[in-house]
file final33.tsv (TSV, N, CA and C atoms and all ligand atoms)
chain	number	residue	atom	x	y	z
A	226	MET	N	-185.54	77.00	34.81
A	226	MET	CA	-185.17	78.41	34.65
A	226	MET	C	-184.27	78.60	33.44
A	227	VAL	N	-183.29	77.69	33.32
A	227	VAL	CA	-182.41	77.77	32.15
A	227	VAL	C	-183.23	77.59	30.88
A	228	LEU	N	-184.18	76.67	30.93
A	228	LEU	CA	-185.00	76.41	29.75
A	228	LEU	C	-185.83	77.64	29.41
A	229	ILE	N	-186.41	78.27	30.43
A	229	ILE	CA	-187.23	79.46	30.17
A	229	ILE	C	-186.37	80.56	29.56
A	230	ARG	N	-185.16	80.72	30.09
A	230	ARG	CA	-184.27	81.74	29.54
A	230	ARG	C	-183.94	81.41	28.08
A	231	PHE	N	-183.70	80.14	27.81
A	231	PHE	CA	-183.39	79.73	26.44
A	231	PHE	C	-184.56	80.04	25.52
A	232	ILE	N	-185.76	79.74	25.99
A	232	ILE	CA	-186.94	80.00	25.15
A	232	ILE	C	-187.08	81.50	24.88
A	233	LEU	N	-186.83	82.30	25.90
A	233	LEU	CA	-186.94	83.75	25.72
A	233	LEU	C	-185.90	84.25	24.72
A	234	VAL	N	-184.68	83.74	24.85
A	234	VAL	CA	-183.63	84.14	23.90
A	234	VAL	C	-183.98	83.67	22.50
A	235	ALA	N	-184.44	82.43	22.39
A	235	ALA	CA	-184.81	81.89	21.08
A	235	ALA	C	-185.95	82.71	20.47
A	236	ALA	N	-186.91	83.07	21.30
A	236	ALA	CA	-188.04	83.86	20.81
A	236	ALA	C	-187.56	85.22	20.34
A	237	ALA	N	-186.63	85.81	21.08
A	237	ALA	CA	-186.10	87.11	20.69
A	237	ALA	C	-185.35	87.01	19.37
A	238	LEU	N	-184.60	85.91	19.22
A	238	LEU	CA	-183.85	85.72	17.97
A	238	LEU	C	-184.81	85.52	16.80
A	239	LEU	N	-185.86	84.74	17.05
A	239	LEU	CA	-186.81	84.48	15.97
A	239	LEU	C	-187.55	85.76	15.58
A	240	ALA	N	-187.79	86.62	16.57
A	240	ALA	CA	-188.54	87.84	16.31
A	240	ALA	C	-187.66	88.91	15.67
A	241	ALA	N	-186.35	88.76	15.79
A	241	ALA	CA	-185.45	89.82	15.31
A	241	ALA	C	-185.42	89.83	13.79
A	242	PRO	N	-185.52	90.99	13.17
A	242	PRO	CA	-185.41	91.05	11.72
A	242	PRO	C	-183.95	90.93	11.30
A	243	PRO	N	-183.58	90.41	10.13
A	243	PRO	CA	-184.55	89.83	9.20
A	243	PRO	C	-184.96	88.43	9.64
A	244	ALA	N	-186.22	88.11	9.48
A	244	ALA	CA	-186.72	86.79	9.86
A	244	ALA	C	-186.26	85.78	8.82
A	245	LEU	N	-185.36	84.89	9.21
A	245	LEU	CA	-184.82	83.91	8.28
A	245	LEU	C	-185.61	82.62	8.40
A	246	ALA	N	-185.91	82.03	7.27
A	246	ALA	CA	-186.73	80.81	7.26
A	246	ALA	C	-185.84	79.58	7.34
A	247	HIS	N	-185.09	79.50	8.41
A	247	HIS	CA	-184.26	78.32	8.60
A	247	HIS	C	-184.95	77.38	9.58
A	248	ALA	N	-184.60	76.11	9.47
A	248	ALA	CA	-185.27	75.11	10.32
A	248	ALA	C	-184.51	74.97	11.64
A	249	PHE	N	-185.06	75.53	12.67
A	249	PHE	CA	-184.50	75.34	14.00
A	249	PHE	C	-185.41	74.41	14.79
A	250	LEU	N	-184.86	73.85	15.84
A	250	LEU	CA	-185.66	72.94	16.67
A	250	LEU	C	-186.78	73.72	17.35
A	251	ALA	N	-187.99	73.27	17.14
A	251	ALA	CA	-189.14	73.88	17.81
A	251	ALA	C	-189.56	73.05	19.02
A	252	GLN	N	-189.53	71.73	18.84
A	252	GLN	CA	-189.99	70.84	19.91
A	252	GLN	C	-189.35	69.48	19.71
A	253	ALA	N	-188.95	68.86	20.79
A	253	ALA	CA	-188.35	67.53	20.68
A	253	ALA	C	-188.97	66.61	21.71
A	254	SER	N	-189.06	65.32	21.34
A	254	SER	CA	-189.53	64.30	22.26
A	254	SER	C	-188.57	63.12	22.19
A	255	PRO	N	-187.86	62.76	23.25
A	255	PRO	CA	-187.89	63.44	24.54
A	255	PRO	C	-187.30	64.85	24.43
A	256	SER	N	-187.64	65.69	25.38
A	256	SER	CA	-187.16	67.06	25.35
A	256	SER	C	-185.73	67.13	25.87
A	257	ALA	N	-185.06	68.23	25.55
A	257	ALA	CA	-183.68	68.43	26.01
A	257	ALA	C	-183.62	68.37	27.53
A	258	GLY	N	-182.70	67.57	28.03
A	258	GLY	CA	-182.52	67.47	29.47
A	258	GLY	C	-183.51	66.55	30.17
A	259	ALA	N	-184.36	65.88	29.41
A	259	ALA	CA	-185.37	65.01	30.02
A	259	ALA	C	-184.69	63.88	30.79
A	260	GLU	N	-185.29	63.49	31.90
A	260	GLU	CA	-184.85	62.33	32.68
A	260	GLU	C	-186.01	61.34	32.69
A	261	LEU	N	-185.80	60.22	32.01
A	261	LEU	CA	-186.90	59.31	31.73
A	261	LEU	C	-186.74	58.00	32.50
A	262	LEU	N	-187.86	57.46	32.93
A	262	LEU	CA	-187.83	56.14	33.59
A	262	LEU	C	-187.94	55.03	32.56
A	263	VAL	N	-188.58	55.32	31.44
A	263	VAL	CA	-188.76	54.34	30.38
A	263	VAL	C	-187.99	54.83	29.15
A	264	PRO	N	-187.11	53.99	28.59
A	264	PRO	CA	-186.34	54.45	27.42
A	264	PRO	C	-187.25	54.77	26.24
A	265	PRO	N	-187.06	55.89	25.58
A	265	PRO	CA	-187.90	56.21	24.42
A	265	PRO	C	-187.55	55.28	23.26
A	266	ARG	N	-188.54	54.92	22.45
A	266	ARG	CA	-188.29	54.05	21.31
A	266	ARG	C	-188.15	54.84	20.02
A	267	ALA	N	-188.17	56.17	20.13
A	267	ALA	CA	-187.95	57.02	18.97
A	267	ALA	C	-187.61	58.42	19.46
A	268	ILE	N	-186.89	59.14	18.61
A	268	ILE	CA	-186.67	60.57	18.84
A	268	ILE	C	-187.49	61.30	17.78
A	269	ARG	N	-188.27	62.24	18.22
A	269	ARG	CA	-189.13	62.99	17.30
A	269	ARG	C	-188.79	64.47	17.47
A	270	ILE	N	-188.39	65.11	16.38
A	270	ILE	CA	-188.06	66.53	16.43
A	270	ILE	C	-188.96	67.29	15.46
A	271	THR	N	-189.58	68.33	15.97
A	271	THR	CA	-190.36	69.22	15.12
A	271	THR	C	-189.59	70.52	14.96
A	272	PHE	N	-189.43	70.94	13.72
A	272	PHE	CA	-188.65	72.12	13.40
A	272	PHE	C	-189.57	73.31	13.14
A	273	THR	N	-188.95	74.48	13.07
A	273	THR	CA	-189.72	75.70	12.83
A	273	THR	C	-190.10	75.85	11.36
A	274	GLU	N	-189.47	75.07	10.49
A	274	GLU	CA	-189.78	75.11	9.06
A	274	GLU	C	-189.85	73.68	8.55
A	275	ALA	N	-190.47	73.49	7.41
A	275	ALA	CA	-190.49	72.17	6.79
A	275	ALA	C	-189.06	71.77	6.42
A	276	VAL	N	-188.74	70.49	6.61
A	276	VAL	CA	-187.40	69.99	6.32
A	276	VAL	C	-187.45	68.92	5.23
A	277	GLU	N	-186.31	68.72	4.59
A	277	GLU	CA	-186.17	67.68	3.57
A	277	GLU	C	-185.68	66.41	4.26
A	278	PRO	N	-186.55	65.40	4.43
A	278	PRO	CA	-186.13	64.22	5.20
A	278	PRO	C	-184.95	63.48	4.59
A	279	HIS	N	-184.80	63.53	3.27
A	279	HIS	CA	-183.70	62.79	2.65
A	279	HIS	C	-182.35	63.44	2.90
A	280	PHE	N	-182.35	64.71	3.23
A	280	PHE	CA	-181.09	65.42	3.44
A	280	PHE	C	-180.90	65.83	4.89
A	281	SER	N	-181.78	65.38	5.74
A	281	SER	CA	-181.71	65.74	7.15
A	281	SER	C	-181.43	64.48	7.96
A	282	SER	N	-180.86	64.64	9.13
A	282	SER	CA	-180.52	63.45	9.90
A	282	SER	C	-180.70	63.68	11.39
A	283	ILE	N	-180.92	62.57	12.08
A	283	ILE	CA	-180.91	62.55	13.55
A	283	ILE	C	-180.02	61.39	13.95
A	284	GLU	N	-179.02	61.68	14.76
A	284	GLU	CA	-178.15	60.64	15.30
A	284	GLU	C	-178.30	60.62	16.80
A	285	VAL	N	-178.25	59.44	17.39
A	285	VAL	CA	-178.28	59.32	18.84
A	285	VAL	C	-177.03	58.56	19.26
A	286	ARG	N	-176.30	59.15	20.20
A	286	ARG	CA	-175.05	58.54	20.67
A	286	ARG	C	-175.09	58.35	22.18
A	287	ASP	N	-174.49	57.24	22.62
A	287	ASP	CA	-174.47	56.99	24.07
A	287	ASP	C	-173.29	57.72	24.71
A	288	ALA	N	-173.10	57.51	26.01
A	288	ALA	CA	-172.07	58.24	26.75
A	288	ALA	C	-170.67	57.92	26.24
A	289	ALA	N	-170.51	56.76	25.57
A	289	ALA	CA	-169.22	56.37	25.00
A	289	ALA	C	-169.08	56.85	23.55
A	290	ASP	N	-170.03	57.69	23.10
A	290	ASP	CA	-170.04	58.25	21.74
A	290	ASP	C	-170.31	57.20	20.67
A	291	LYS	N	-170.89	56.08	21.06
A	291	LYS	CA	-171.26	55.03	20.10
A	291	LYS	C	-172.66	55.34	19.56
A	292	ARG	N	-172.80	55.24	18.25
A	292	ARG	CA	-174.11	55.52	17.65
A	292	ARG	C	-175.07	54.38	17.97
A	293	VAL	N	-176.25	54.72	18.49
A	293	VAL	CA	-177.17	53.67	18.95
A	293	VAL	C	-178.53	53.71	18.26
A	294	ASP	N	-178.74	54.68	17.37
A	294	ASP	CA	-180.06	54.75	16.72
A	294	ASP	C	-180.11	53.77	15.56
A	295	THR	N	-181.28	53.67	14.93
A	295	THR	CA	-181.46	52.71	13.85
A	295	THR	C	-181.01	53.25	12.49
A	296	THR	N	-180.43	54.44	12.48
A	296	THR	CA	-179.87	55.10	11.29
A	296	THR	C	-180.88	55.24	10.15
A	297	ASN	N	-182.15	55.27	10.49
A	297	ASN	CA	-183.14	55.48	9.42
A	297	ASN	C	-184.09	56.63	9.75
A	298	PRO	N	-183.56	57.85	9.87
A	298	PRO	CA	-184.48	58.95	10.15
A	298	PRO	C	-185.52	59.05	9.04
A	299	HIS	N	-186.73	59.29	9.42
A	299	HIS	CA	-187.78	59.36	8.41
A	299	HIS	C	-188.71	60.51	8.73
A	300	ALA	N	-189.49	60.87	7.74
A	300	ALA	CA	-190.41	61.98	7.91
A	300	ALA	C	-191.45	61.59	8.94
A	301	GLY	N	-191.83	62.55	9.75
A	301	GLY	CA	-192.90	62.33	10.69
A	301	GLY	C	-194.24	62.55	10.01
A	302	ASP	N	-195.26	62.76	10.80
A	302	ASP	CA	-196.60	62.93	10.24
A	302	ASP	C	-196.84	64.36	9.76
A	303	ALA	N	-195.82	65.21	9.85
A	303	ALA	CA	-195.94	66.58	9.36
A	303	ALA	C	-194.63	66.95	8.66
A	304	PRO	N	-194.67	67.87	7.70
A	304	PRO	CA	-193.44	68.19	6.95
A	304	PRO	C	-192.36	68.83	7.81
A	305	LYS	N	-192.72	69.26	9.00
A	305	LYS	CA	-191.72	69.87	9.88
A	305	LYS	C	-191.13	68.87	10.87
A	306	THR	N	-191.54	67.60	10.78
A	306	THR	CA	-191.14	66.64	11.81
A	306	THR	C	-190.26	65.53	11.24
A	307	LEU	N	-189.20	65.20	11.97
A	307	LEU	CA	-188.35	64.06	11.66
A	307	LEU	C	-188.38	63.10	12.84
A	308	VAL	N	-188.26	61.81	12.53
A	308	VAL	CA	-188.31	60.78	13.56
A	308	VAL	C	-187.19	59.78	13.29
A	309	VAL	N	-186.50	59.34	14.33
A	309	VAL	CA	-185.59	58.20	14.18
A	309	VAL	C	-185.96	57.20	15.27
A	310	ASP	N	-186.02	55.93	14.88
A	310	ASP	CA	-186.40	54.88	15.83
A	310	ASP	C	-185.17	54.45	16.62
A	311	LEU	N	-185.44	53.97	17.82
A	311	LEU	CA	-184.37	53.51	18.70
A	311	LEU	C	-184.64	52.08	19.13
A	312	PRO	N	-183.58	51.29	19.31
A	312	PRO	CA	-183.76	50.01	19.99
A	312	PRO	C	-184.00	50.30	21.47
A	313	LYS	N	-184.31	49.25	22.23
A	313	LYS	CA	-184.47	49.45	23.68
A	313	LYS	C	-183.08	49.65	24.26
A	314	LEU	N	-182.86	50.81	24.86
A	314	LEU	CA	-181.52	51.19	25.33
A	314	LEU	C	-181.43	51.15	26.84
A	315	PRO	N	-180.25	50.84	27.36
A	315	PRO	CA	-180.08	50.78	28.81
A	315	PRO	C	-180.04	52.19	29.41
A	316	PRO	N	-180.12	52.27	30.75
A	316	PRO	CA	-180.01	53.57	31.40
A	316	PRO	C	-178.71	54.27	31.01
A	317	GLY	N	-178.72	55.58	31.00
A	317	GLY	CA	-177.53	56.34	30.64
A	317	GLY	C	-177.93	57.68	30.07
A	318	THR	N	-176.92	58.44	29.69
A	318	THR	CA	-177.15	59.75	29.08
A	318	THR	C	-176.89	59.63	27.59
A	319	TYR	N	-177.80	60.15	26.80
A	319	TYR	CA	-177.73	60.05	25.35
A	319	TYR	C	-177.71	61.44	24.73
A	320	THR	N	-176.95	61.56	23.65
A	320	THR	CA	-176.86	62.83	22.93
A	320	THR	C	-177.56	62.69	21.58
A	321	VAL	N	-178.44	63.60	21.30
A	321	VAL	CA	-179.14	63.64	20.02
A	321	VAL	C	-178.51	64.75	19.18
A	322	ILE	N	-178.03	64.37	18.00
A	322	ILE	CA	-177.38	65.33	17.11
A	322	ILE	C	-178.23	65.42	15.85
A	323	TRP	N	-178.70	66.61	15.54
A	323	TRP	CA	-179.55	66.73	14.35
A	323	TRP	C	-178.93	67.69	13.34
A	324	HIS	N	-179.13	67.33	12.08
A	324	HIS	CA	-178.76	68.20	10.96
A	324	HIS	C	-180.02	68.33	10.11
A	325	ALA	N	-180.40	69.53	9.82
A	325	ALA	CA	-181.62	69.73	9.04
A	325	ALA	C	-181.33	70.57	7.81
A	326	ILE	N	-181.96	70.17	6.71
A	326	ILE	CA	-181.97	70.99	5.51
A	326	ILE	C	-183.43	71.40	5.32
A	327	SER	N	-183.68	72.68	5.42
A	327	SER	CA	-185.05	73.15	5.25
A	327	SER	C	-185.40	73.15	3.77
A	328	VAL	N	-186.66	73.32	3.45
A	328	VAL	CA	-187.09	73.24	2.05
A	328	VAL	C	-186.46	74.35	1.22
A	329	ASP	N	-185.96	75.42	1.85
A	329	ASP	CA	-185.23	76.44	1.09
A	329	ASP	C	-183.74	76.10	1.00
A	330	MET	N	-183.39	74.85	1.39
A	330	MET	CA	-182.04	74.29	1.27
A	330	MET	C	-181.02	74.93	2.22
A	331	HIS	N	-181.49	75.59	3.24
A	331	HIS	CA	-180.56	76.11	4.24
A	331	HIS	C	-180.29	75.04	5.28
A	332	LYS	N	-179.05	75.02	5.75
A	332	LYS	CA	-178.61	73.96	6.66
A	332	LYS	C	-178.52	74.50	8.08
A	333	THR	N	-179.05	73.74	9.01
A	333	THR	CA	-178.91	74.07	10.43
A	333	THR	C	-178.58	72.79	11.19
A	334	GLU	N	-178.04	72.93	12.37
A	334	GLU	CA	-177.71	71.76	13.16
A	334	GLU	C	-177.73	72.11	14.64
A	335	GLY	N	-177.82	71.08	15.45
A	335	GLY	CA	-177.81	71.29	16.89
A	335	GLY	C	-177.77	69.96	17.60
A	336	LYS	N	-177.65	70.02	18.91
A	336	LYS	CA	-177.69	68.78	19.68
A	336	LYS	C	-178.22	69.05	21.08
A	337	PHE	N	-178.69	67.97	21.70
A	337	PHE	CA	-179.14	68.05	23.08
A	337	PHE	C	-179.02	66.66	23.71
A	338	THR	N	-179.13	66.60	25.01
A	338	THR	CA	-179.02	65.32	25.69
A	338	THR	C	-180.29	65.02	26.47
A	339	TYR	N	-180.49	63.75	26.72
A	339	TYR	CA	-181.52	63.29	27.65
A	339	TYR	C	-180.96	62.08	28.39
A	340	SER	N	-181.59	61.72	29.47
A	340	SER	CA	-181.10	60.59	30.27
A	340	SER	C	-182.20	59.58	30.50
A	341	VAL	N	-181.80	58.31	30.52
A	341	VAL	CA	-182.68	57.23	30.98
A	341	VAL	C	-182.18	56.83	32.35
A	342	LEU	N	-183.04	56.95	33.34
A	342	LEU	CA	-182.65	56.68	34.73
A	342	LEU	C	-182.61	55.18	34.99
A	343	PRO	N	-181.70	54.75	35.86
A	343	PRO	CA	-181.64	53.33	36.18
A	343	PRO	C	-182.88	52.86	36.94
B	401	CU	CU	-183.53	79.22	5.29
call {"tool": "encode", "arguments": {"input": "final33.tsv", "output": "structure tokens", "more": "lines below"}}
Ligand SMILES: [Cu+2]
result
Amino acid sequence: MVLIRFILVAAALLAAPPALAHAFLAQASPSAGAELLVPPRAIRITFTEAVEPHFSSIEVRDAADKRVDTTNPHAGDAPKTLVVDLPKLPPGTYTVIWHAISVDMHKTEGKFTYSVLP
């Protein structure tokens, strides 16, 4: 329900004029709030606009705020997608922090969490 409300609000914001071509999160894998039995080996984020991979980042932090990703975010198979690889991580809650620079050089950022179940 919270997710549906968020999508509705996000859709309303995107529809509201003036339509700004900033890169916001469109889709993430794992998704925000996901509870997974198998630890993901990468975080993949698709944005609403094409992003500059060299100036954009994805960080993954564990519950102790320790950075656990491989620190090499790279372009995905589409100009709107960024991917960062992960080592095999133990159960716990992880925070994904993203900073994106869209091709029009506008900066956006956000974060979300997901959990790996024991
Ligand atoms: Cu923009």
call {"tool": "residues_near_ligand", "arguments": {"input": "final33.tsv", "ligand": "ligand CU 401 (chain B)", "cutoff": "6 Å", "atoms": "all atoms listed in the file", "output": "list in words"}}
result
Leu245, Ala246, His247, Ala248, Asp329, Met330 and His331 of chain A
call {"tool": "residues_near_point", "arguments": {"input": "final33.tsv", "point": "(-187.2, 61.7, 12.7)", "cutoff": "9 Å", "atoms": "only C-alpha atoms", "output": "PyMOL selection string"}}
result
chain A and resi 267-271+278+281-283+297-301+306-310
call {"tool": "closest_residue", "arguments": {"input": "final33.tsv", "among": "A:Ala275, A:Leu250, A:Val285, A:Leu311", "to": "Glu334 in chain A", "atoms": "only N, CA and C atoms"}}
result
A:Leu250
call {"tool": "residues_around", "arguments": {"input": "final33.tsv", "residues": "Gly317 in chain A", "least_positions_apart": "6", "cutoff": "6.5 Å", "atoms": "all atoms listed in the file", "output": "mmCIF file with N, CA and C atoms, in the frame of the given file"}}
result
data_model
loop_
_atom_site.group_PDB
_atom_site.id
_atom_site.type_symbol
_atom_site.label_atom_id
_atom_site.label_comp_id
_atom_site.auth_asym_id
_atom_site.auth_seq_id
_atom_site.Cartn_x
_atom_site.Cartn_y
_atom_site.Cartn_z
ATOM 1 N N ALA A 288 -173.100 57.510 26.010
ATOM 2 C CA ALA A 288 -172.070 58.240 26.750
ATOM 3 C C ALA A 288 -170.670 57.920 26.240
ATOM 4 N N TYR A 339 -180.490 63.750 26.720
ATOM 5 C CA TYR A 339 -181.520 63.290 27.650
ATOM 6 C C TYR A 339 -180.960 62.080 28.390
ATOM 7 N N SER A 340 -181.590 61.720 29.470
ATOM 8 C CA SER A 340 -181.100 60.590 30.270
ATOM 9 C C SER A 340 -182.200 59.580 30.500
ATOM 10 N N VAL A 341 -181.800 58.310 30.520
ATOM 11 C CA VAL A 341 -182.680 57.230 30.980
ATOM 12 C C VAL A 341 -182.180 56.830 32.350
ATOM 13 N N LEU A 342 -183.040 56.950 33.340
ATOM 14 C CA LEU A 342 -182.650 56.680 34.730
ATOM 15 C C LEU A 342 -182.610 55.180 34.990
ATOM 16 N N PRO A 343 -181.700 54.750 35.860
ATOM 17 C CA PRO A 343 -181.640 53.330 36.180
ATOM 18 C C PRO A 343 -182.880 52.860 36.940
#
call {"tool": "closest_residue", "arguments": {"input": "final33.tsv", "among": "A:Arg292, A:Thr318, A:Ser327, A:Thr273", "to": "Ala257 in chain A", "atoms": "only C-alpha atoms"}}
result
A:Thr318
call {"tool": "closest_residue", "arguments": {"input": "final33.tsv", "among": "A:Phe272, A:His279, A:Pro265, A:Asp294", "to": "Phe249 in chain A", "atoms": "only C-alpha atoms"}}
result
A:Phe272
call {"tool": "atom_distance", "arguments": {"input": "final33.tsv", "atom1": "CA of Asp287 in chain A", "atom2": "CA of Arg266 in chain A"}}
result
14.4 Å
call {"tool": "closest_residue", "arguments": {"input": "final33.tsv", "among": "A:Ala259, A:Ile326, A:Gly335, A:Thr296", "to": "Phe280 in chain A", "atoms": "only N, CA and C atoms"}}
result
A:Ile326
call {"tool": "atom_distance", "arguments": {"input": "final33.tsv", "atom1": "CA of Pro315 in chain A", "atom2": "CA of Ala289 in chain A"}}
result
12.8 Å
call {"tool": "select_by_dssp", "arguments": {"input": "final33.tsv", "residues": "chain A", "states": "alpha helix (DSSP H)", "output": "list in words"}}
result
Val227, Leu228, Ile229, Arg230, Phe231, Ile232, Leu233, Val234, Ala235, Ala236, Ala237, Leu238, Leu239 and Ala240 of chain A
call {"tool": "closest_residue", "arguments": {"input": "final33.tsv", "among": "A:Thr333, A:Glu260, A:His324, A:Tyr319", "to": "Asp290 in chain A", "atoms": "only C-alpha atoms"}}
result
A:Tyr319
call {"tool": "atom_distance", "arguments": {"input": "final33.tsv", "atom1": "atom C of Leu261 in chain A", "atom2": "atom C of Pro316 in chain A"}}
result
9.0 Å
call {"tool": "select_by_dssp", "arguments": {"input": "final33.tsv", "residues": "chain A", "states": "strand (DSSP E)", "output": "number ranges by chain"}}
result
A: 250-254, 260-261, 267-272, 282-286, 299-300, 306-310, 317-326, 332-341
call {"tool": "build_atoms", "arguments": {"input": "final33.tsv", "residues": "range 247-259 of chain A", "atoms": "N, CA, C and O atoms", "output": "mmCIF file, keeping the file's coordinate frame"}}
result
data_model
loop_
_atom_site.group_PDB
_atom_site.id
_atom_site.type_symbol
_atom_site.label_atom_id
_atom_site.label_comp_id
_atom_site.auth_asym_id
_atom_site.auth_seq_id
_atom_site.Cartn_x
_atom_site.Cartn_y
_atom_site.Cartn_z
ATOM 1 N N HIS A 247 -185.090 79.500 8.410
ATOM 2 C CA HIS A 247 -184.260 78.320 8.600
ATOM 3 C C HIS A 247 -184.950 77.380 9.580
ATOM 4 O O HIS A 247 -185.731 77.812 10.410
ATOM 5 N N ALA A 248 -184.600 76.110 9.470
ATOM 6 C CA ALA A 248 -185.270 75.110 10.320
ATOM 7 C C ALA A 248 -184.510 74.970 11.640
ATOM 8 O O ALA A 248 -183.434 74.374 11.688
ATOM 9 N N PHE A 249 -185.060 75.530 12.670
ATOM 10 C CA PHE A 249 -184.500 75.340 14.000
ATOM 11 C C PHE A 249 -185.410 74.410 14.790
ATOM 12 O O PHE A 249 -186.587 74.236 14.445
ATOM 13 N N LEU A 250 -184.860 73.850 15.840
ATOM 14 C CA LEU A 250 -185.660 72.940 16.670
ATOM 15 C C LEU A 250 -186.780 73.720 17.350
ATOM 16 O O LEU A 250 -186.537 74.714 18.019
ATOM 17 N N ALA A 251 -187.990 73.270 17.140
ATOM 18 C CA ALA A 251 -189.140 73.880 17.810
ATOM 19 C C ALA A 251 -189.560 73.050 19.020
ATOM 20 O O ALA A 251 -189.895 73.592 20.058
ATOM 21 N N GLN A 252 -189.530 71.730 18.840
ATOM 22 C CA GLN A 252 -189.990 70.840 19.910
ATOM 23 C C GLN A 252 -189.350 69.480 19.710
ATOM 24 O O GLN A 252 -189.224 69.019 18.567
ATOM 25 N N ALA A 253 -188.950 68.860 20.790
ATOM 26 C CA ALA A 253 -188.350 67.530 20.680
ATOM 27 C C ALA A 253 -188.970 66.610 21.710
ATOM 28 O O ALA A 253 -189.342 67.028 22.807
ATOM 29 N N SER A 254 -189.060 65.320 21.340
ATOM 30 C CA SER A 254 -189.530 64.300 22.260
ATOM 31 C C SER A 254 -188.570 63.120 22.190
ATOM 32 O O SER A 254 -188.421 62.534 21.117
ATOM 33 N N PRO A 255 -187.860 62.760 23.250
ATOM 34 C CA PRO A 255 -187.890 63.440 24.540
ATOM 35 C C PRO A 255 -187.300 64.850 24.430
ATOM 36 O O PRO A 255 -186.535 65.121 23.506
ATOM 37 N N SER A 256 -187.640 65.690 25.380
ATOM 38 C CA SER A 256 -187.160 67.060 25.350
ATOM 39 C C SER A 256 -185.730 67.130 25.870
ATOM 40 O O SER A 256 -185.241 66.202 26.525
ATOM 41 N N ALA A 257 -185.060 68.230 25.550
ATOM 42 C CA ALA A 257 -183.680 68.430 26.010
ATOM 43 C C ALA A 257 -183.620 68.370 27.530
ATOM 44 O O ALA A 257 -184.421 69.011 28.213
ATOM 45 N N GLY A 258 -182.700 67.570 28.030
ATOM 46 C CA GLY A 258 -182.520 67.470 29.470
ATOM 47 C C GLY A 258 -183.510 66.550 30.170
ATOM 48 O O GLY A 258 -183.476 66.438 31.394
ATOM 49 N N ALA A 259 -184.360 65.880 29.410
ATOM 50 C CA ALA A 259 -185.370 65.010 30.020
ATOM 51 C C ALA A 259 -184.690 63.880 30.790
ATOM 52 O O ALA A 259 -183.645 63.367 30.385
#
